file start25.cif (mmCIF, C-alpha atoms)
data_start
loop_
_atom_site.label_atom_id
_atom_site.label_comp_id
_atom_site.auth_asym_id
_atom_site.auth_seq_id
_atom_site.Cartn_x
_atom_site.Cartn_y
_atom_site.Cartn_z
CA MET Z 1 -23.91 -36.23 37.18
CA SER Z 2 -21.86 -33.03 37.34
CA ARG Z 3 -23.59 -29.76 36.57
CA THR Z 4 -22.23 -27.46 33.87
CA THR Z 5 -21.04 -24.18 35.29
CA PHE Z 6 -22.15 -21.40 32.99
CA PHE Z 7 -20.36 -18.08 32.67
CA GLU Z 8 -21.72 -14.56 32.72
CA VAL Z 9 -20.00 -12.11 30.39
CA GLU Z 10 -20.28 -8.37 30.83
CA VAL Z 11 -19.14 -6.30 27.85
CA LEU Z 12 -18.14 -2.69 28.58
CA ASP Z 13 -17.10 0.13 26.29
CA ALA Z 14 -13.29 0.40 26.52
CA LYS Z 15 -13.41 4.21 26.55
CA THR Z 16 -16.46 5.11 28.65
CA ARG Z 17 -16.72 1.90 30.74
CA GLU Z 18 -20.43 1.94 29.94
CA GLN Z 19 -22.10 -1.47 29.94
CA LEU Z 20 -23.01 -2.43 26.39
CA CYS Z 21 -24.17 -5.99 26.86
CA PHE Z 22 -24.65 -8.66 29.52
CA LEU Z 23 -24.54 -12.27 28.35
CA ASP Z 24 -26.05 -14.86 30.68
CA LYS Z 25 -25.48 -18.63 30.65
CA VAL Z 26 -22.51 -18.66 28.30
CA GLU Z 27 -21.04 -22.12 27.75
CA PRO Z 28 -17.56 -22.53 29.32
CA HIS Z 29 -16.22 -23.96 26.06
CA SER Z 30 -17.37 -20.90 24.10
CA THR Z 31 -14.66 -19.07 22.21
CA VAL Z 32 -14.09 -15.35 22.02
CA GLY Z 33 -15.44 -15.62 18.48
CA ASP Z 34 -18.68 -17.07 19.87
CA ILE Z 35 -18.95 -14.17 22.30
CA LYS Z 36 -18.48 -11.73 19.44
CA SER Z 37 -21.33 -13.43 17.59
CA LEU Z 38 -23.60 -13.12 20.64
CA PHE Z 39 -22.62 -9.47 21.01
CA HIS Z 40 -23.37 -8.94 17.32
CA LYS Z 41 -26.98 -9.99 17.89
CA SER Z 42 -27.44 -7.06 20.25
CA TYR Z 43 -25.52 -4.63 17.99
CA PRO Z 44 -25.96 -5.71 14.33
CA HIS Z 45 -23.81 -2.84 13.00
CA TRP Z 46 -20.80 -4.16 14.95
CA TYR Z 47 -20.13 -7.38 13.04
CA PRO Z 48 -17.54 -9.77 14.59
CA ALA Z 49 -14.65 -8.68 12.33
CA ARG Z 50 -15.18 -5.10 13.54
CA GLN Z 51 -14.95 -6.04 17.22
CA ALA Z 52 -11.92 -6.16 19.51
CA LEU Z 53 -12.52 -7.69 22.95
CA LYS Z 54 -9.99 -7.25 25.76
CA LEU Z 55 -9.68 -8.21 29.41
CA ASP Z 56 -8.09 -4.84 30.11
CA PRO Z 57 -9.10 -1.58 28.39
CA LYS Z 58 -5.50 -0.90 27.35
CA GLY Z 59 -4.48 -4.54 26.97
CA LYS Z 60 -4.07 -6.84 24.01
CA SER Z 61 -7.08 -7.96 21.98
CA LEU Z 62 -8.21 -11.53 22.57
CA ARG Z 63 -7.92 -14.01 19.71
CA ASP Z 64 -11.13 -15.46 18.31
CA ASP Z 65 -10.00 -19.03 19.06
CA GLU Z 66 -9.33 -18.43 22.79
CA ILE Z 67 -11.68 -20.40 25.04
CA LEU Z 68 -13.62 -18.64 27.78
CA GLN Z 69 -12.87 -21.08 30.59
CA ASN Z 70 -9.13 -20.90 29.82
CA LEU Z 71 -9.00 -17.13 30.26
CA PRO Z 72 -7.85 -15.62 33.59
CA VAL Z 73 -11.42 -14.72 34.63
CA GLY Z 74 -13.99 -15.99 37.11
CA THR Z 75 -17.43 -17.24 36.22
CA THR Z 76 -18.40 -13.60 35.80
CA ALA Z 77 -16.10 -12.19 33.14
CA THR Z 78 -15.71 -8.55 32.19
CA MET Z 79 -14.58 -7.75 28.67
CA TYR Z 80 -13.89 -4.40 27.09
CA PHE Z 81 -15.08 -3.64 23.58
CA LYS Z 82 -13.30 -1.50 21.00
CA ASP Z 83 -14.72 -0.65 17.59
CA LEU Z 84 -12.10 -1.40 14.93
CA GLY Z 85 -14.02 0.51 12.27
CA PRO Z 86 -15.20 -0.68 8.85
CA GLN Z 87 -13.35 -3.75 7.62
CA LEU Z 88 -12.51 -5.25 4.23
CA GLY Z 89 -11.56 -8.86 3.44
CA TRP Z 90 -7.84 -9.57 2.92
CA THR Z 91 -8.33 -10.78 -0.65
CA MET Z 92 -9.93 -7.47 -1.59
CA VAL Z 93 -7.22 -5.65 0.37
CA PHE Z 94 -4.39 -7.15 -1.68
CA LEU Z 95 -6.27 -6.82 -4.95
CA ALA Z 96 -6.69 -3.10 -4.23
CA GLU Z 97 -3.05 -2.72 -3.17
CA TYR Z 98 -1.59 -4.52 -6.20
CA ILE Z 99 -3.85 -3.55 -9.11
CA GLY Z 100 -3.05 0.13 -8.51
CA PRO Z 101 0.76 -0.15 -8.91
CA LEU Z 102 0.32 -2.44 -11.90
CA LEU Z 103 -1.86 0.04 -13.79
CA SER Z 104 -0.21 3.26 -12.66
CA TYR Z 105 3.21 2.07 -13.85
CA LEU Z 106 1.82 1.24 -17.29
CA LEU Z 107 0.37 4.74 -17.64
CA PHE Z 108 3.87 6.18 -17.36
CA TYR Z 109 5.42 3.50 -19.57
CA PHE Z 110 3.02 4.27 -22.44
CA ARG Z 111 3.59 7.99 -21.80
CA ILE Z 112 -0.04 9.00 -21.95
CA PRO Z 113 -0.60 12.72 -22.67
CA TYR Z 114 -0.11 15.35 -19.93
CA ILE Z 115 2.46 13.28 -17.95
CA TYR Z 116 5.53 14.39 -19.88
CA SER Z 117 5.99 17.03 -22.56
CA ASN Z 118 3.43 16.74 -25.37
CA ARG Z 119 6.11 15.87 -27.92
CA TYR Z 120 6.81 12.67 -25.98
CA ALA Z 121 3.15 11.68 -25.60
CA LEU Z 122 2.48 8.04 -26.55
CA SER Z 123 6.14 7.62 -27.58
CA SER Z 124 8.41 4.79 -26.47
CA SER Z 125 11.83 4.92 -24.84
CA PRO Z 126 14.88 4.13 -27.01
CA HIS Z 127 16.51 2.26 -24.11
CA PRO Z 128 15.73 -1.50 -23.93
CA VAL Z 129 16.17 -1.48 -20.13
CA VAL Z 130 13.05 0.69 -19.81
CA THR Z 131 10.92 -1.96 -21.50
CA LEU Z 132 12.62 -4.69 -19.48
CA ALA Z 133 11.91 -2.79 -16.25
CA CYS Z 134 8.24 -2.50 -17.23
CA VAL Z 135 8.08 -6.25 -17.92
CA CYS Z 136 9.69 -7.03 -14.55
CA HIS Z 137 7.44 -4.62 -12.63
CA THR Z 138 4.31 -5.96 -14.36
CA PHE Z 139 5.39 -9.54 -13.73
CA HIS Z 140 6.03 -8.81 -10.04
CA TYR Z 141 2.57 -7.41 -9.36
CA THR Z 142 0.80 -9.90 -11.61
CA LYS Z 143 2.46 -12.66 -9.58
CA ARG Z 144 1.25 -10.99 -6.39
CA LEU Z 145 -2.31 -10.87 -7.71
CA ILE Z 146 -2.22 -14.56 -8.72
CA GLU Z 147 -0.83 -15.50 -5.30
CA THR Z 148 -3.55 -13.48 -3.58
CA ILE Z 149 -6.30 -15.32 -5.44
CA PHE Z 150 -4.88 -18.86 -5.57
CA VAL Z 151 -2.08 -19.26 -3.01
CA HIS Z 152 -2.34 -17.09 0.09
CA ARG Z 153 -4.35 -18.09 3.15
CA PHE Z 154 -4.97 -15.36 5.67
CA SER Z 155 -4.98 -15.91 9.43
CA HIS Z 156 -6.92 -12.67 9.96
CA GLY Z 157 -10.11 -12.24 7.98
CA THR Z 158 -10.15 -8.49 7.50
CA MET Z 159 -8.24 -5.20 7.62
CA PRO Z 160 -9.54 -1.78 8.77
CA LEU Z 161 -10.65 0.39 5.87
CA ARG Z 162 -8.48 3.33 7.04
CA THR Z 163 -5.40 1.08 6.90
CA ILE Z 164 -6.30 -0.01 3.38
CA VAL Z 165 -6.46 3.61 2.24
CA LYS Z 166 -3.03 4.26 3.76
CA ASN Z 167 -1.49 1.14 2.20
CA CYS Z 168 -2.95 1.89 -1.23
CA ALA Z 169 -1.57 5.43 -1.07
CA TYR Z 170 1.85 3.96 -0.27
CA TYR Z 171 1.91 1.34 -3.03
CA TRP Z 172 0.19 3.41 -5.71
CA GLY Z 173 2.16 6.56 -4.91
CA PHE Z 174 5.57 4.89 -4.93
CA SER Z 175 4.77 2.98 -8.11
CA ALA Z 176 3.91 6.24 -9.87
CA TRP Z 177 7.07 7.88 -8.51
CA LEU Z 178 9.32 5.06 -9.73
CA ALA Z 179 7.58 4.90 -13.09
CA TYR Z 180 7.89 8.65 -13.62
CA TYR Z 181 11.70 8.56 -13.44
CA ILE Z 182 12.31 5.22 -15.15
CA ASN Z 183 10.10 6.13 -18.12
CA HIS Z 184 11.16 9.77 -18.27
CA PRO Z 185 12.38 10.94 -21.70
CA LEU Z 186 15.66 12.06 -20.10
CA TYR Z 187 16.28 8.73 -18.34
CA THR Z 188 19.82 7.41 -18.79
CA PRO Z 189 20.56 3.65 -18.72
CA PRO Z 190 22.85 1.99 -16.10
CA SER Z 191 26.56 2.82 -16.02
CA TYR Z 192 27.74 -0.69 -16.95
CA GLY Z 193 25.17 -1.19 -19.69
CA GLU Z 194 23.91 -4.63 -20.66
CA LEU Z 195 26.24 -6.43 -18.25
CA GLN Z 196 24.68 -4.69 -15.25
CA VAL Z 197 21.15 -5.12 -16.59
CA ASN Z 198 21.57 -8.83 -17.41
CA TYR Z 199 23.08 -9.78 -14.04
CA ALA Z 200 20.34 -7.83 -12.27
CA LEU Z 201 17.70 -9.59 -14.39
CA ILE Z 202 19.07 -13.02 -13.41
CA LEU Z 203 18.97 -12.07 -9.73
CA PHE Z 204 15.45 -10.67 -10.12
CA VAL Z 205 14.09 -13.85 -11.74
CA MET Z 206 15.72 -16.07 -9.10
CA CYS Z 207 14.29 -13.98 -6.25
CA GLU Z 208 10.81 -14.00 -7.78
CA MET Z 209 10.96 -17.79 -8.17
CA GLY Z 210 12.21 -18.11 -4.59
CA ASN Z 211 9.47 -15.87 -3.25
CA PHE Z 212 6.81 -17.90 -5.06
CA SER Z 213 8.31 -21.19 -3.80
CA ILE Z 214 8.18 -19.96 -0.19
CA HIS Z 215 4.57 -18.86 -0.54
CA LEU Z 216 3.63 -22.32 -1.88
CA THR Z 217 5.42 -23.96 1.05
CA LEU Z 218 3.61 -21.74 3.58
CA ASN Z 219 0.30 -22.47 1.85
CA LYS Z 220 0.77 -26.23 2.30
CA LEU Z 221 1.80 -25.68 5.91
CA ARG Z 222 -1.39 -23.78 6.75
CA GLY Z 223 -3.40 -26.51 5.07
CA ASP Z 224 -2.82 -28.70 8.12
CA GLY Z 225 -5.18 -26.52 10.18
CA PRO Z 226 -4.68 -25.07 13.66
CA LYS Z 227 -4.33 -28.49 15.34
CA GLY Z 228 -1.43 -29.49 13.11
CA ARG Z 229 0.56 -26.30 13.49
CA ARG Z 230 4.25 -26.65 12.82
CA PHE Z 231 7.00 -24.35 11.68
CA PRO Z 232 8.12 -24.30 8.02
CA MET Z 233 11.00 -26.49 6.95
CA PRO Z 234 13.03 -26.72 3.73
CA ASN Z 235 12.07 -29.40 1.20
CA LYS Z 236 13.44 -30.72 -2.10
CA ASN Z 237 12.96 -27.35 -3.78
CA PRO Z 238 16.37 -25.58 -3.56
CA PHE Z 239 14.65 -22.21 -3.14
CA THR Z 240 13.25 -23.39 0.20
CA TRP Z 241 16.71 -24.20 1.57
CA LEU Z 242 16.88 -20.62 2.79
CA PHE Z 243 14.65 -21.89 5.63
CA PHE Z 244 17.82 -23.40 7.10
CA PHE Z 245 19.00 -19.87 7.91
CA VAL Z 246 16.01 -17.50 8.15
CA SER Z 247 12.45 -17.62 9.45
CA CYS Z 248 10.95 -15.49 6.67
CA PRO Z 249 12.72 -16.21 3.37
CA ASN Z 250 9.71 -14.81 1.50
CA TYR Z 251 10.79 -11.37 2.74
CA THR Z 252 14.44 -12.13 1.96
CA TYR Z 253 13.54 -12.93 -1.64
CA GLU Z 254 11.21 -9.92 -1.84
CA VAL Z 255 14.01 -7.58 -0.75
CA GLY Z 256 16.37 -9.32 -3.18
CA ALA Z 257 13.95 -8.73 -6.05
CA TRP Z 258 13.77 -5.01 -5.32
CA VAL Z 259 17.55 -4.74 -4.86
CA SER Z 260 18.00 -6.31 -8.29
CA PHE Z 261 15.38 -3.95 -9.76
CA SER Z 262 17.32 -1.03 -8.26
CA ILE Z 263 20.55 -2.27 -9.86
CA MET Z 264 18.81 -2.92 -13.18
CA THR Z 265 17.34 0.59 -13.43
CA GLN Z 266 20.05 2.45 -11.46
CA CYS Z 267 17.30 4.76 -10.26
CA LEU Z 268 17.53 6.49 -6.87
CA PRO Z 269 13.76 6.46 -6.12
CA VAL Z 270 13.76 2.67 -6.61
CA ALA Z 271 16.64 2.32 -4.15
CA PHE Z 272 14.80 4.50 -1.62
CA TYR Z 273 11.62 2.41 -2.02
CA THR Z 274 13.70 -0.75 -1.56
CA LEU Z 275 15.19 0.62 1.66
CA LEU Z 276 11.77 1.48 3.09
CA GLY Z 277 10.46 -1.95 2.13
CA PHE Z 278 13.45 -3.64 3.74
CA ILE Z 279 12.87 -1.75 7.02
CA GLN Z 280 9.19 -2.71 7.11
CA MET Z 281 9.79 -6.35 6.16
CA THR Z 282 12.52 -6.62 8.79
CA ILE Z 283 10.00 -5.51 11.44
CA TRP Z 284 7.49 -8.12 10.23
CA ALA Z 285 10.16 -10.84 10.01
CA LYS Z 286 11.44 -10.17 13.52
CA GLY Z 287 7.91 -10.36 14.89
CA LYS Z 288 7.28 -13.67 13.11
CA HIS Z 289 10.67 -15.00 14.26
CA ARG Z 290 9.88 -14.20 17.91
CA ALA Z 291 6.46 -15.83 17.55
CA TYR Z 292 8.03 -19.03 16.21
CA ILE Z 293 10.49 -19.14 19.12
CA ARG Z 294 7.69 -18.67 21.67
CA GLU Z 295 5.44 -21.30 20.12
CA PHE Z 296 7.95 -24.04 19.27
CA LYS Z 297 10.49 -25.20 21.86
CA ASP Z 298 12.47 -27.10 19.22
CA TYR Z 299 12.74 -24.17 16.83
CA PRO Z 300 16.14 -24.21 15.00
CA SER Z 301 18.63 -22.01 16.82
CA LEU Z 302 20.60 -21.25 13.63
CA ARG Z 303 17.73 -19.30 12.11
CA VAL Z 304 17.52 -15.51 12.24
CA ALA Z 305 14.72 -13.28 10.97
CA ILE Z 306 15.52 -12.15 7.42
CA ILE Z 307 19.25 -11.97 6.50
CA PRO Z 308 21.19 -15.25 6.97
CA LEU Z 309 23.58 -15.20 9.95
CA ILE Z 310 23.16 -11.43 10.36
CA LEU Z 311 19.66 -10.12 11.07
#
call {"tool": "encode", "arguments": {"input": "start25.cif", "output": "structure tokens"}}
result
Amino acid sequence: MSRTTFFEVEVLDAKTREQLCFLDKVEPHSTVGDIKSLFHKSYPHWYPARQALKLDPKGKSLRDDEILQNLPVGTTATMYFKDLGPQLGWTMVFLAEYIGPLLSYLLFYFRIPYIYSNRYALSSSPHPVVTLACVCHTFHYTKRLIETIFVHRFSHGTMPLRTIVKNCAYYWGFSAWLAYYINHPLYTPPSYGELQVNYALILFVMCEMGNFSIHLTLNKLRGDGPKGRRFPMPNKNPFTWLFFFVSCPNYTYEVGAWVSFSIMTQCLPVAFYTLLGFIQMTIWAKGKHRAYIREFKDYPSLRVAIIPLIL
């Protein structure tokens, strides 16, 4: 009978190199997540989601599902610990990020006192596009909240609290900025009137439906679990056919929705917000596209990251 070779794991502080913990007789099939749980027993205030373990102090953090015996270490492994700070679950993260814009926009739409001149307090805009913009904005963030609760599955369990504060400031602040100008008493409707608004509305609705369809497709894909990992493919839903050309059509549709909202309102702050969102989503899409190419040898060569045949 063969004897099991146990591992010894030494955990050092990534900054000071001070030994924090020494784990003896660790099973070779233990995952990094298991090691985090063992480390947590010695330091209860550093729960697993707050820990980052690395093989090099300045290297990349190890994934929780990586197996100890498959790592490039001997039977005595040295890992470096970094405190990621307080964490919050992803569901709570998105609820915080999306409830704020939803409510802040409505405050400007209903023109509560002290936002604009007192003679406009609690008044309504004479331009129908202002009400339509409020409906579209409310629908967009309500859809996001519903998707967060019922559709999305998150590969990472938590986000650092400091990042949440930064993200909330971004979403809440921009929502208030957009709402201030769109609902302003001096707001002027688009140059081409109803024609411009109606075409933009059609594009907005189509992009929102497409975005939702992609999220449903990704949800079903993740339902297969880590052992059945595969890349997303188009199905009978026409909105998913964008998968023929891009790796992240959810971002393509998201950008399309904000472009249409910019056209609908003809408001410069909305266009600026759309541009910033496009830059950030392009970065995310390119990262996901590269990850797909690395993981799947048969990944479709026609696909690009976010804009068909271009980017």
call {"tool": "residues_around", "arguments": {"input": "start25.cif", "residues": "Leu106 (chain Z)", "least_positions_apart": "3", "cutoff": "9 Å", "atoms": "all atoms listed in the file", "output": "count of residues only"}}
result
9
call {"tool": "atom_distance", "arguments": {"input": "start25.cif", "atom1": "CA of Thr78 (chain Z)", "atom2": "CA of Val9 (chain Z)"}}
result
5.9 Å
call {"tool": "residues_around", "arguments": {"input": "start25.cif", "residues": "region 274-290 of chain Z", "least_positions_apart": "4", "cutoff": "10 Å", "atoms": "all atoms listed in the file", "output": "PyMOL selection string"}}
result
chain Z and resi 246-252+254-262+268-270+294-295+299+303-307+311
call {"tool": "resolve_selection", "arguments": {"input": "start25.cif", "expression": "the PyMOL selection byres ((chain Z and resi 207) around 8)", "output": "number ranges by chain"}}
result
Z: 203-206, 208-211, 253-254, 256-257
call {"tool": "atom_distance", "arguments": {"input": "start25.cif", "atom1": "CA of Ile115 (chain Z)", "atom2": "CA of Thr265 (chain Z)"}}
result
20.1 Å
call {"tool": "resolve_selection", "arguments": {"input": "start25.cif", "expression": "the PyMOL selection byres ((chain Z and resi 146) around 12)", "output": "list in words"}}
result
Thr91, Phe94, Leu95, Tyr98, Ile99, Phe139, His140, Tyr141, Thr142, Lys143, Arg144, Leu145, Glu147, Thr148, Ile149, Phe150, Val151, His152, Phe212, His215 and Leu216 of chain Z
call {"tool": "write_last_selection", "arguments": {"input": "start25.cif", "atoms": "C-alpha atoms", "output": "mmCIF file, in the coordinates of the input"}}
result
data_model
loop_
_atom_site.group_PDB
_atom_site.id
_atom_site.type_symbol
_atom_site.label_atom_id
_atom_site.label_comp_id
_atom_site.auth_asym_id
_atom_site.auth_seq_id
_atom_site.Cartn_x
_atom_site.Cartn_y
_atom_site.Cartn_z
ATOM 1 C CA THR Z 91 -8.330 -10.780 -0.650
ATOM 2 C CA PHE Z 94 -4.390 -7.150 -1.680
ATOM 3 C CA LEU Z 95 -6.270 -6.820 -4.950
ATOM 4 C CA TYR Z 98 -1.590 -4.520 -6.200
ATOM 5 C CA ILE Z 99 -3.850 -3.550 -9.110
ATOM 6 C CA PHE Z 139 5.390 -9.540 -13.730
ATOM 7 C CA HIS Z 140 6.030 -8.810 -10.040
ATOM 8 C CA TYR Z 141 2.570 -7.410 -9.360
ATOM 9 C CA THR Z 142 0.800 -9.900 -11.610
ATOM 10 C CA LYS Z 143 2.460 -12.660 -9.580
ATOM 11 C CA ARG Z 144 1.250 -10.990 -6.390
ATOM 12 C CA LEU Z 145 -2.310 -10.870 -7.710
ATOM 13 C CA GLU Z 147 -0.830 -15.500 -5.300
ATOM 14 C CA THR Z 148 -3.550 -13.480 -3.580
ATOM 15 C CA ILE Z 149 -6.300 -15.320 -5.440
ATOM 16 C CA PHE Z 150 -4.880 -18.860 -5.570
ATOM 17 C CA VAL Z 151 -2.080 -19.260 -3.010
ATOM 18 C CA HIS Z 152 -2.340 -17.090 0.090
ATOM 19 C CA PHE Z 212 6.810 -17.900 -5.060
ATOM 20 C CA HIS Z 215 4.570 -18.860 -0.540
ATOM 21 C CA LEU Z 216 3.630 -22.320 -1.880
#
call {"tool": "atom_distance", "arguments": {"input": "start25.cif", "atom1": "CA of Pro308 (chain Z)", "atom2": "CA of Phe245 (chain Z)"}}
result
5.2 Å
call {"tool": "closest_residue", "arguments": {"input": "start25.cif", "among": "Z:Arg50, Z:His29, Z:Arg63, Z:Lys41", "to": "Thr5 (chain Z)", "atoms": "all atoms listed in the file"}}
result
Z:His29
call {"tool": "closest_residue", "arguments": {"input": "start25.cif", "among": "Z:His127, Z:Arg17, Z:Lys54, Z:His45", "to": "Pro189 (chain Z)", "atoms": "only C-alpha atoms"}}
result
Z:His127
